[in-house]
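Data block for query38.txt (compact mmCIF, C-alpha atoms):
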```
# COMPACT_ATOMS: atom_id res chain seq x y z
CA MET A 1 129.72 51.03 133.64
CA ARG A 2 127.00 52.22 136.01
CA ILE A 3 123.72 50.35 136.37
CA ASN A 4 121.79 53.32 134.95
CA ASP A 5 123.98 53.30 131.87
CA LEU A 6 123.31 49.57 131.48
CA PHE A 7 119.55 50.15 131.59
CA GLU A 8 119.70 53.00 129.07
CA GLU A 9 121.93 51.09 126.67
CA SER A 10 119.77 47.97 126.91
CA TYR A 11 116.54 49.93 126.47
CA SER A 12 117.89 51.73 123.39
CA ALA A 13 119.13 48.47 121.85
CA LEU A 14 115.83 46.63 122.42
CA THR A 15 113.60 49.45 121.16
CA ALA A 16 115.71 49.88 118.02
CA ASN A 17 113.82 46.93 116.50
CA LYS A 18 110.45 46.90 118.20
CA ILE A 19 108.78 44.19 116.07
CA ARG A 20 111.57 41.66 116.58
CA THR A 21 111.73 42.44 120.30
CA GLY A 22 107.95 42.16 120.63
CA LEU A 23 107.81 38.78 118.88
CA THR A 24 110.63 37.48 121.06
CA ILE A 25 108.87 38.61 124.24
CA LEU A 26 105.63 36.99 123.03
CA GLY A 27 107.09 33.51 123.56
CA ILE A 28 107.85 34.29 127.21
CA VAL A 29 104.43 35.92 127.67
CA ILE A 30 102.65 32.78 126.44
CA GLY A 31 104.90 30.52 128.52
CA ILE A 32 104.54 32.42 131.81
CA GLY A 33 100.83 33.06 131.20
CA SER A 34 100.22 29.36 130.60
CA VAL A 35 102.08 28.30 133.75
CA ILE A 36 100.28 30.89 135.89
CA ALA A 37 96.87 29.89 134.49
CA MET A 38 97.48 26.14 134.84
CA VAL A 39 98.74 26.44 138.44
CA SER A 40 95.83 28.70 139.45
CA ILE A 41 93.27 26.38 137.82
CA GLY A 42 94.86 23.36 139.52
CA GLN A 43 94.83 25.04 142.93
CA GLY A 44 91.27 26.23 142.40
CA SER A 45 90.17 22.71 141.42
CA GLN A 46 91.87 21.27 144.50
CA LYS A 47 90.06 23.68 146.83
CA SER A 48 86.76 23.02 145.07
CA ILE A 49 87.14 19.23 145.39
CA GLN A 50 88.17 19.49 149.05
CA ALA A 51 85.18 21.73 149.79
CA SER A 52 82.88 19.32 147.97
CA ILE A 53 84.18 16.35 149.99
CA GLN A 54 83.98 18.29 153.26
CA SER A 55 80.39 19.31 152.47
CA ILE A 56 79.18 15.69 152.60
CA GLY A 57 79.88 15.57 156.33
CA SER A 58 82.36 16.12 159.15
CA ASN A 59 84.60 13.36 160.54
CA LEU A 60 82.83 10.99 158.18
CA LEU A 61 83.49 7.32 157.52
CA ILE A 62 81.68 5.57 154.69
CA ILE A 63 81.23 1.81 154.63
CA THR A 64 80.42 0.35 151.23
CA PRO A 65 79.61 -3.25 150.30
CA GLY A 66 82.16 -5.20 148.27
CA VAL A 67 85.87 -4.62 147.80
CA GLN A 68 87.99 -4.23 144.67
CA ARG A 69 90.78 -6.75 144.93
CA ASN A 70 94.05 -6.49 143.06
CA PHE A 71 94.67 -8.68 140.02
CA GLY A 72 95.55 -12.20 141.05
CA ALA A 73 94.26 -11.82 144.60
CA GLY A 74 91.11 -13.80 144.05
CA VAL A 75 87.55 -13.05 143.09
CA SER A 76 86.81 -9.40 142.51
CA ALA A 77 83.65 -7.99 144.08
CA GLY A 78 83.07 -4.48 142.75
CA ARG A 79 81.96 -1.76 145.10
CA GLY A 80 78.29 -0.92 144.79
CA SER A 81 77.33 -4.13 143.02
CA ALA A 82 77.60 -6.39 146.09
CA GLN A 83 74.95 -6.75 148.80
CA THR A 84 76.85 -7.55 151.95
CA LEU A 85 75.75 -4.84 154.38
CA THR A 86 72.53 -5.01 156.36
CA GLN A 87 70.52 -2.89 158.75
CA GLU A 88 71.81 -5.15 161.53
CA ASP A 89 75.39 -4.11 160.68
CA ALA A 90 74.43 -0.46 161.08
CA ASP A 91 72.66 -1.20 164.38
CA ALA A 92 75.73 -3.10 165.66
CA ILE A 93 78.04 -0.19 164.81
CA ASN A 94 75.67 2.22 166.55
CA GLN A 95 75.53 0.07 169.69
CA GLU A 96 79.10 -1.23 170.00
CA ILE A 97 81.37 1.54 168.65
CA ALA A 98 81.58 4.10 171.43
CA GLN A 99 83.25 6.81 169.30
CA ALA A 100 80.46 6.65 166.71
CA LYS A 101 78.52 9.86 167.22
CA ALA A 102 75.82 8.97 164.67
CA VAL A 103 75.16 6.15 162.21
CA ALA A 104 73.04 6.47 159.07
CA PRO A 105 72.38 3.43 156.86
CA GLU A 106 71.41 4.24 153.30
CA LEU A 107 69.53 2.38 150.58
CA SER A 108 69.54 4.36 147.35
CA GLY A 109 68.23 3.86 143.86
CA ARG A 110 67.02 5.88 140.89
CA TYR A 111 63.31 6.03 140.26
CA GLN A 112 60.86 7.87 138.06
CA VAL A 113 58.96 10.26 140.32
CA THR A 114 55.69 11.93 139.33
CA ALA A 115 53.49 14.66 140.78
CA LYS A 116 50.64 16.66 139.26
CA GLY A 117 51.47 15.68 135.69
CA SER A 118 55.18 16.42 136.07
CA ASN A 119 57.87 13.80 136.39
CA THR A 120 61.58 13.50 136.98
CA ASN A 121 64.14 10.74 137.26
CA THR A 122 66.11 11.17 140.44
CA GLN A 123 67.93 9.43 143.26
CA VAL A 124 65.79 8.24 146.18
CA ILE A 125 67.68 7.62 149.42
CA GLY A 126 66.19 5.56 152.17
CA THR A 127 67.76 6.51 155.51
CA ASN A 128 67.04 7.39 159.13
CA ASP A 129 66.81 10.53 161.25
CA ALA A 130 70.61 10.64 161.84
CA TYR A 131 71.32 11.24 158.15
CA SER A 132 70.82 15.02 158.32
CA SER A 133 73.53 15.29 161.00
CA VAL A 134 75.94 12.78 159.47
CA ARG A 135 75.74 14.21 155.94
CA ASN A 136 75.27 17.91 156.79
CA VAL A 137 71.83 18.02 155.18
CA SER A 138 69.70 20.84 156.57
CA VAL A 139 66.00 21.40 156.01
CA ASP A 140 64.89 24.73 154.55
CA SER A 141 61.19 24.18 155.24
CA GLY A 142 59.24 21.43 156.95
CA THR A 143 61.00 18.63 158.85
CA PHE A 144 63.41 15.79 158.17
CA ILE A 145 62.60 12.12 158.67
CA THR A 146 62.00 11.11 162.30
CA SER A 147 62.75 7.83 164.08
CA GLU A 148 58.98 7.25 164.54
CA GLN A 149 58.44 7.48 160.80
CA VAL A 150 61.23 4.95 160.27
CA SER A 151 59.65 2.58 162.80
CA SER A 152 56.19 2.87 161.24
CA ASP A 153 57.23 2.55 157.56
CA ALA A 154 55.69 5.97 156.96
CA LYS A 155 55.29 7.00 153.33
CA VAL A 156 56.80 10.45 153.72
CA ALA A 157 59.50 12.17 151.68
CA VAL A 158 61.93 15.05 152.06
CA ILE A 159 62.81 16.46 148.65
CA GLY A 160 65.70 18.57 147.38
CA PRO A 161 65.08 22.02 145.86
CA THR A 162 65.82 20.77 142.33
CA VAL A 163 63.19 18.03 142.69
CA ARG A 164 60.70 20.58 144.01
CA ASP A 165 61.36 22.88 141.05
CA ASP A 166 60.98 20.01 138.58
CA LEU A 167 57.76 18.64 140.06
CA PHE A 168 55.93 21.66 141.48
CA GLY A 169 57.56 24.71 139.91
CA VAL A 170 60.35 27.03 140.98
CA ASP A 171 60.15 27.93 144.69
CA ALA A 172 56.66 26.39 144.95
CA ASN A 173 55.30 25.41 148.37
CA ALA A 174 55.47 21.60 148.17
CA ILE A 175 54.96 20.81 151.86
CA GLY A 176 51.89 18.58 152.23
CA GLN A 177 51.82 17.75 148.51
CA SER A 178 51.94 14.18 147.22
CA ILE A 179 54.46 12.51 144.93
CA LYS A 180 54.49 9.02 143.43
CA ILE A 181 57.55 6.77 143.53
CA LYS A 182 56.97 3.40 141.82
CA GLN A 183 53.28 4.28 141.85
CA ILE A 184 53.34 4.55 145.66
CA ILE A 185 52.10 7.84 147.10
CA PHE A 186 54.44 9.72 149.46
CA LYS A 187 53.63 12.90 151.35
CA VAL A 188 56.22 15.68 151.16
CA ILE A 189 57.17 16.73 154.70
CA GLY A 190 60.31 18.79 154.05
CA ILE A 191 62.53 20.54 151.51
CA THR A 192 66.29 20.56 151.99
CA THR A 193 68.50 23.64 151.79
CA ALA A 194 70.30 24.05 148.47
CA LYS A 195 73.95 22.87 148.68
CA GLY A 196 74.92 22.77 145.02
CA GLY A 197 76.62 19.87 143.33
CA THR A 198 76.60 17.98 140.09
CA GLY A 199 76.12 14.48 138.75
CA PHE A 200 75.08 11.59 140.96
CA ASN A 201 76.19 13.39 144.15
CA ASN A 202 73.82 16.30 143.66
CA THR A 203 72.04 16.44 147.01
CA ASP A 204 69.69 19.11 145.67
CA ASN A 205 68.32 16.55 143.22
CA SER A 206 67.60 13.80 145.75
CA ILE A 207 64.61 12.52 147.70
CA TYR A 208 64.91 11.12 151.25
CA VAL A 209 62.44 8.56 152.60
CA PRO A 210 62.50 6.33 155.74
CA ILE A 211 64.87 3.41 155.13
CA SER A 212 62.27 0.89 156.29
CA THR A 213 59.85 2.25 153.68
CA ALA A 214 62.53 2.06 150.99
CA GLN A 215 63.35 -1.54 151.92
CA HIS A 216 59.75 -2.75 152.07
CA PHE A 217 58.06 -0.79 149.25
CA LEU A 218 60.78 0.34 146.81
CA ALA A 219 63.76 -2.05 146.82
CA GLY A 220 62.15 -5.12 148.36
CA SER A 221 65.44 -5.94 150.07
CA SER A 222 66.81 -5.73 153.58
CA TYR A 223 70.33 -4.86 152.41
CA VAL A 224 71.71 -1.32 152.54
CA SER A 225 73.76 0.49 149.88
CA GLN A 226 76.19 1.98 152.38
CA ILE A 227 76.54 3.07 155.99
CA SER A 228 77.72 6.55 156.97
CA VAL A 229 79.30 7.02 160.40
CA GLU A 230 80.13 10.33 162.06
CA ALA A 231 83.08 10.10 164.48
CA ASP A 232 83.24 12.11 167.70
CA SER A 233 86.39 13.94 166.58
CA ALA A 234 88.93 13.98 163.79
CA ASN A 235 91.49 12.35 166.11
CA ASP A 236 89.29 9.23 166.40
CA MET A 237 89.03 8.62 162.67
CA SER A 238 91.75 6.00 162.33
CA ALA A 239 90.82 4.21 165.56
CA ILE A 240 87.12 4.04 164.75
CA GLN A 241 87.91 2.90 161.21
CA GLN A 242 89.82 -0.06 162.61
CA GLU A 243 87.13 -0.84 165.21
CA ILE A 244 84.40 -0.86 162.55
CA THR A 245 86.53 -3.10 160.33
CA ASP A 246 87.12 -5.55 163.18
CA LEU A 247 83.44 -5.54 164.16
CA LEU A 248 82.17 -6.22 160.63
CA LEU A 249 84.79 -8.91 160.02
CA GLN A 250 83.62 -10.61 163.19
CA ARG A 251 79.94 -10.31 162.25
CA HIS A 252 80.53 -11.57 158.70
CA LYS A 253 82.91 -14.30 159.94
CA LEU A 254 85.63 -13.19 157.54
CA THR A 255 89.30 -12.20 157.66
CA ALA A 256 90.93 -9.02 156.42
CA ALA A 257 92.00 -10.84 153.25
CA THR A 258 88.43 -11.94 152.46
CA ALA A 259 86.57 -8.82 153.62
CA ASP A 260 83.36 -8.14 151.70
CA PHE A 261 83.17 -4.44 152.57
CA THR A 262 85.32 -1.30 152.45
CA VAL A 263 85.64 1.37 155.13
CA LEU A 264 86.58 4.75 153.64
CA ASN A 265 87.96 7.51 155.84
CA GLN A 266 86.99 11.04 154.79
CA SER A 267 90.54 12.28 155.48
CA ASP A 268 91.90 9.58 153.19
CA ILE A 269 89.47 10.65 150.47
CA VAL A 270 90.54 14.31 150.83
CA ASN A 271 94.23 13.36 150.78
CA ALA A 272 93.75 11.11 147.76
CA ALA A 273 91.85 13.82 145.88
CA SER A 274 94.51 16.41 146.80
CA GLY A 275 97.23 14.06 145.57
CA VAL A 276 95.49 13.58 142.24
CA THR A 277 94.90 17.30 141.70
CA ASN A 278 98.50 18.11 142.69
CA THR A 279 99.78 15.60 140.15
CA LEU A 280 97.51 16.99 137.44
CA THR A 281 98.57 20.56 138.31
CA MET A 282 102.24 19.65 138.04
CA LEU A 283 101.60 17.83 134.76
CA LEU A 284 99.75 20.79 133.25
CA ALA A 285 102.38 23.25 134.53
CA SER A 286 105.15 21.08 133.07
CA ILE A 287 103.45 20.99 129.69
CA ALA A 288 103.01 24.77 129.81
CA GLY A 289 106.68 25.07 130.86
CA ILE A 290 107.73 23.61 127.51
CA SER A 291 106.60 26.83 125.84
CA LEU A 292 108.93 28.69 128.25
CA VAL A 293 111.89 26.68 126.93
CA VAL A 294 110.80 27.49 123.37
CA GLY A 295 110.58 31.16 124.36
CA GLY A 296 114.09 30.99 125.85
CA ILE A 297 115.46 29.53 122.63
CA GLY A 298 113.82 32.41 120.78
CA ILE A 299 115.64 34.86 123.06
CA MET A 300 118.97 33.16 122.47
CA ASN A 301 118.39 33.29 118.72
CA MET A 302 117.57 37.00 118.87
CA MET A 303 120.59 37.80 121.03
CA LEU A 304 122.94 35.88 118.73
CA THR A 305 121.54 37.84 115.79
CA THR A 306 121.98 41.07 117.73
CA VAL A 307 125.61 40.24 118.57
CA THR A 308 126.34 39.58 114.89
CA GLU A 309 124.64 42.82 113.79
CA ARG A 310 126.52 44.89 116.42
CA THR A 311 129.96 43.34 116.00
CA ARG A 312 131.52 46.63 114.83
CA GLU A 313 129.89 48.46 117.77
CA ILE A 314 131.39 45.90 120.16
CA GLY A 315 134.80 46.30 118.55
CA LEU A 316 134.59 50.08 118.83
CA ARG A 317 133.59 49.96 122.47
CA LYS A 318 136.42 47.60 123.27
CA ALA A 319 138.85 49.85 121.39
CA ILE A 320 137.96 52.82 123.61
CA GLY A 321 138.33 50.88 126.86
CA ALA A 322 135.25 48.68 127.45
CA THR A 323 136.13 45.48 129.31
CA ARG A 324 134.83 41.96 128.71
CA ASN A 325 132.73 42.33 131.82
CA ASN A 326 131.11 45.52 130.47
CA ILE A 327 130.14 43.83 127.18
CA ASN A 328 129.00 40.69 128.96
CA SER A 329 126.86 42.67 131.42
CA GLN A 330 125.21 44.71 128.70
CA PHE A 331 124.02 41.73 126.65
CA LEU A 332 122.96 39.82 129.73
CA MET A 333 120.97 42.87 130.83
CA GLU A 334 119.20 42.95 127.48
CA ALA A 335 118.27 39.26 127.77
CA VAL A 336 116.98 39.70 131.34
CA MET A 337 114.98 42.80 130.38
CA LEU A 338 113.34 40.77 127.62
CA THR A 339 112.35 37.94 129.96
CA PHE A 340 111.29 40.24 132.82
CA THR A 341 109.03 42.19 130.48
CA GLY A 342 107.65 38.92 129.13
CA GLY A 343 107.20 37.61 132.66
CA PHE A 344 105.26 40.70 133.77
CA LEU A 345 102.96 40.57 130.76
CA GLY A 346 102.64 36.80 131.19
CA ILE A 347 101.40 37.22 134.77
CA ILE A 348 98.74 39.64 133.52
CA LEU A 349 97.75 37.14 130.81
CA GLY A 350 97.59 34.29 133.34
CA TRP A 351 95.50 36.42 135.69
CA ILE A 352 93.05 37.25 132.87
CA LEU A 353 92.82 33.57 131.90
CA SER A 354 92.11 32.66 135.54
CA LEU A 355 89.28 35.20 135.68
CA ILE A 356 87.81 33.81 132.44
CA VAL A 357 87.95 30.24 133.80
CA THR A 358 86.36 31.34 137.08
CA LYS A 359 83.55 33.11 135.26
CA PHE A 360 82.71 30.54 132.60
CA ALA A 361 83.91 27.18 134.03
CA GLY A 362 82.80 27.65 137.64
CA ILE A 363 86.27 26.84 139.04
CA ALA A 364 87.48 29.33 141.65
CA ALA A 365 90.91 29.78 140.05
CA ALA A 366 93.04 32.43 141.75
CA VAL A 367 96.62 33.60 141.07
CA SER A 368 98.63 32.99 144.23
CA PHE A 369 101.54 35.15 145.41
CA SER A 370 103.86 32.14 145.32
CA SER A 371 103.10 31.50 141.64
CA VAL A 372 103.86 35.16 140.82
CA ILE A 373 107.22 34.95 142.59
CA LEU A 374 107.91 31.67 140.81
CA ALA A 375 107.05 33.25 137.45
CA PHE A 376 109.47 36.16 138.02
CA GLY A 377 112.18 33.77 139.19
CA VAL A 378 111.73 31.50 136.19
CA SER A 379 111.71 34.42 133.73
CA ALA A 380 114.93 35.83 135.27
CA ALA A 381 116.55 32.40 135.14
CA ILE A 382 115.60 31.96 131.49
CA GLY A 383 117.12 35.37 130.69
CA LEU A 384 120.40 34.46 132.40
CA ILE A 385 120.57 30.92 130.99
CA PHE A 386 119.67 31.68 127.39
CA GLY A 387 121.41 35.07 127.36
CA TYR A 388 124.69 33.77 128.76
CA TYR A 389 126.10 32.24 125.56
CA PRO A 390 125.41 35.25 123.27
CA ALA A 391 126.80 37.64 125.95
CA ARG A 392 129.91 35.48 126.41
CA ARG A 393 130.40 35.31 122.67
CA ALA A 394 130.15 39.12 122.39
CA SER A 395 132.58 39.69 125.28
CA ARG A 396 135.23 37.42 123.70
CA LEU A 397 135.26 39.15 120.31
CA ASN A 398 138.70 40.43 119.22
CA PRO A 399 138.36 44.23 118.94
CA ILE A 400 140.52 44.47 115.76
CA GLU A 401 138.62 41.70 113.98
CA ALA A 402 135.35 43.16 115.20
CA LEU A 403 136.19 46.55 113.71
CA ARG A 404 137.00 44.86 110.37
CA PHE A 405 133.66 42.96 110.37
CA GLU A 406 131.27 43.89 107.59
```

Same coordinates, now as structure tokens:
Amino acid sequence: MRINDLFEESYSALTANKIRTGLTILGIVIGIGSVIAMVSIGQGSQKSIQASIQSIGSNLLIITPGVQRNFGAGVSAGRGSAQTLTQEDADAINQEIAQAKAVAPELSGRYQVTAKGSNTNTQVIGTNDAYSSVRNVSVDSGTFITSEQVSSDAKVAVIGPTVRDDLFGVDANAIGQSIKIKQIIFKVIGITTAKGGTGFNNTDNSIYVPISTAQHFLAGSSYVSQISVEADSANDMSAIQQEITDLLLQRHKLTAATADFTVLNQSDIVNAASGVTNTLTMLLASIAGISLVVGGIGIMNMMLTTVTERTREIGLRKAIGATRNNINSQFLMEAVMLTFTGGFLGIILGWILSLIVTKFAGIAAAVSFSSVILAFGVSAAIGLIFGYYPARRASRLNPIEALRFE
């Protein structure tokens, strides 16, 4: 039997009962569409998280006070709650670590901020002039904090665009205006460029003041919340991480087992985030893949029904010379045509779902070429696997008994 004859026979058989064929294909469409959508959303989320982490700085190391010890390893000191880092630690890193391009200590807290009858609750970060370089914060208008302002405890503030909009109105000129933080008047000297972001890491909704001012007038403490260090190059990240660890252990007179700080490498953060998103993507794709198995069972059920209904036709074809291979090929072709059609429509469904997620959820989900190839491969495999038994059963029918079947 020629391949064209196989296509024509299969097409005629499948279109003979359009509703049953359509419902059978629907299972594959939902399965493939779900897998495509889940994989594209997972990949989009991974890229978004990586971009978000990269936006906080280049070749960045973050030192936080406290360390979360494993169960049974002693006293647990949670990150963020401990006060073990000081300005002197930041100065020591800046002076003794040669590969440290820039060091920015930070002292942050949330405060109620008022100006001209408006108020907002936002994060206030006390830092120095190196912060803009270390954390990729650029100023849209005005200037950032200078080293002289840090030395003189100047009451100046650089505000994010969201803070400006909340306190002075959308796109208002806030340079030279005054704001009150804990009833202390600060003069606005700059507005940062919008970077986007959400939650507590929204740089657009932050205020930057000199760290000395934050320590003396806001927090009343000489400790710092964290220290950000920019390495000279990506190749130095691991080496500088170890040097900073050794330096702080020496300064705090501690050992690695009793360390009261944590040094986070930006590459490690990116890799950890990528690992989590990859795992979630595989989990979601696996769950969606279950519907593919259900769709395959539906195809097997339909093909078995078809074989039973066409038993006399099979007997007649065998009687006039059709071989087992001819019968087997025909029913396998019908199963593969079902899954290929379902796979094609499923890719379109997954693509539409990805566009909807991109538009309404803000995740840049995109259907990759590899996922399309995978979808076609999986749909073809399902057709062969779940169509094999019905086709084999049809090919092994006895032609005389098949002709007697009623």

Subject >> For A:Val113, the nearest of the candidates A:Ile3, A:Ala219, A:Ile207, A:Met282, counting only C-alpha atoms >> reply: A:Ile207

Subject >> Shell around A:Pro399 at 10 Å using all atoms listed in the file, local window under 3 positions removed, as a ChimeraX atom specification >> reply: /A:311-320,395-396,402-405

Subject >> Spatial neighbours of A:Ile185, 12 Å, all atoms listed in the file, chain gap at least 4 places, as a PyMOL selection string >> reply: chain A and resi 113-116+154-157+176-181+209+213+217-218

Original post:
Residues at most 7 Å from A:Val150, counting all atoms listed in the file, excluding those fewer than 6 positions away in the same chain, as a ChimeraX atom specification?
Top reply: /A:128,210-212

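For the set A:Gly350, A:Gly377, A:Gly383, A:Gly109, the residue with the smallest atom-to-atom gap to A:Ser34 is A:Gly350, counting all atoms listed in the file.
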
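Residue nearest A:Ile385, chosen from A:Val336, A:Ile352, A:Ile227, A:Val367 and counting all atoms listed in the file: A:Val336.
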
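Here atom CA of A:Val29 stands at a distance of 22.6 Å from atom CA of A:Gln330.
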
Original post:
When distances are computed from all atoms listed in the file, which of A:Asn205, A:Ser222, A:Thr277, A:Asn59 shows the smallest separation from A:Thr84?
Top reply: A:Ser222

Subject >> Non-local contacts of A:Leu292 (9 Å; all atoms listed in the file; under 2 positions in same chain excluded) as JSON, numbers by chain >> reply: {"A": [27, 28, 29, 30, 31, 32, 35, 288, 289, 290, 294, 295, 296, 297, 378, 379, 382]}

Original post:
Which neighbours of A:Ser221 fall inside 10 Å, counting all atoms listed in the file, when residues of the same chain fewer than 6 positions from it are skipped, and could you give them as a PyMOL selection string?
Top reply: chain A and resi 83+86+107+212+214-215

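When atom CA of A:Gln50 is paired with atom CA of A:Ala273, their separation reads 7.5 Å.
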
Counting all atoms listed in the file, which residues sit no farther than 10 Å from the position (77.6, 11.3, 171.3) in the file's frame? I'd like them as a PDB file with C-alpha atoms, keeping the file's coordinate frame.
```pdb
ATOM      1  CA  ALA A  98      81.580   4.100 171.430  1.00  0.00           C
ATOM      2  CA  GLN A  99      83.250   6.810 169.300  1.00  0.00           C
ATOM      3  CA  ALA A 100      80.460   6.650 166.710  1.00  0.00           C
ATOM      4  CA  LYS A 101      78.520   9.860 167.220  1.00  0.00           C
ATOM      5  CA  ALA A 102      75.820   8.970 164.670  1.00  0.00           C
ATOM      6  CA  GLU A 230      80.130  10.330 162.060  1.00  0.00           C
ATOM      7  CA  ALA A 231      83.080  10.100 164.480  1.00  0.00           C
ATOM      8  CA  ASP A 232      83.240  12.110 167.700  1.00  0.00           C
TER       9      ASP A 232
END
```
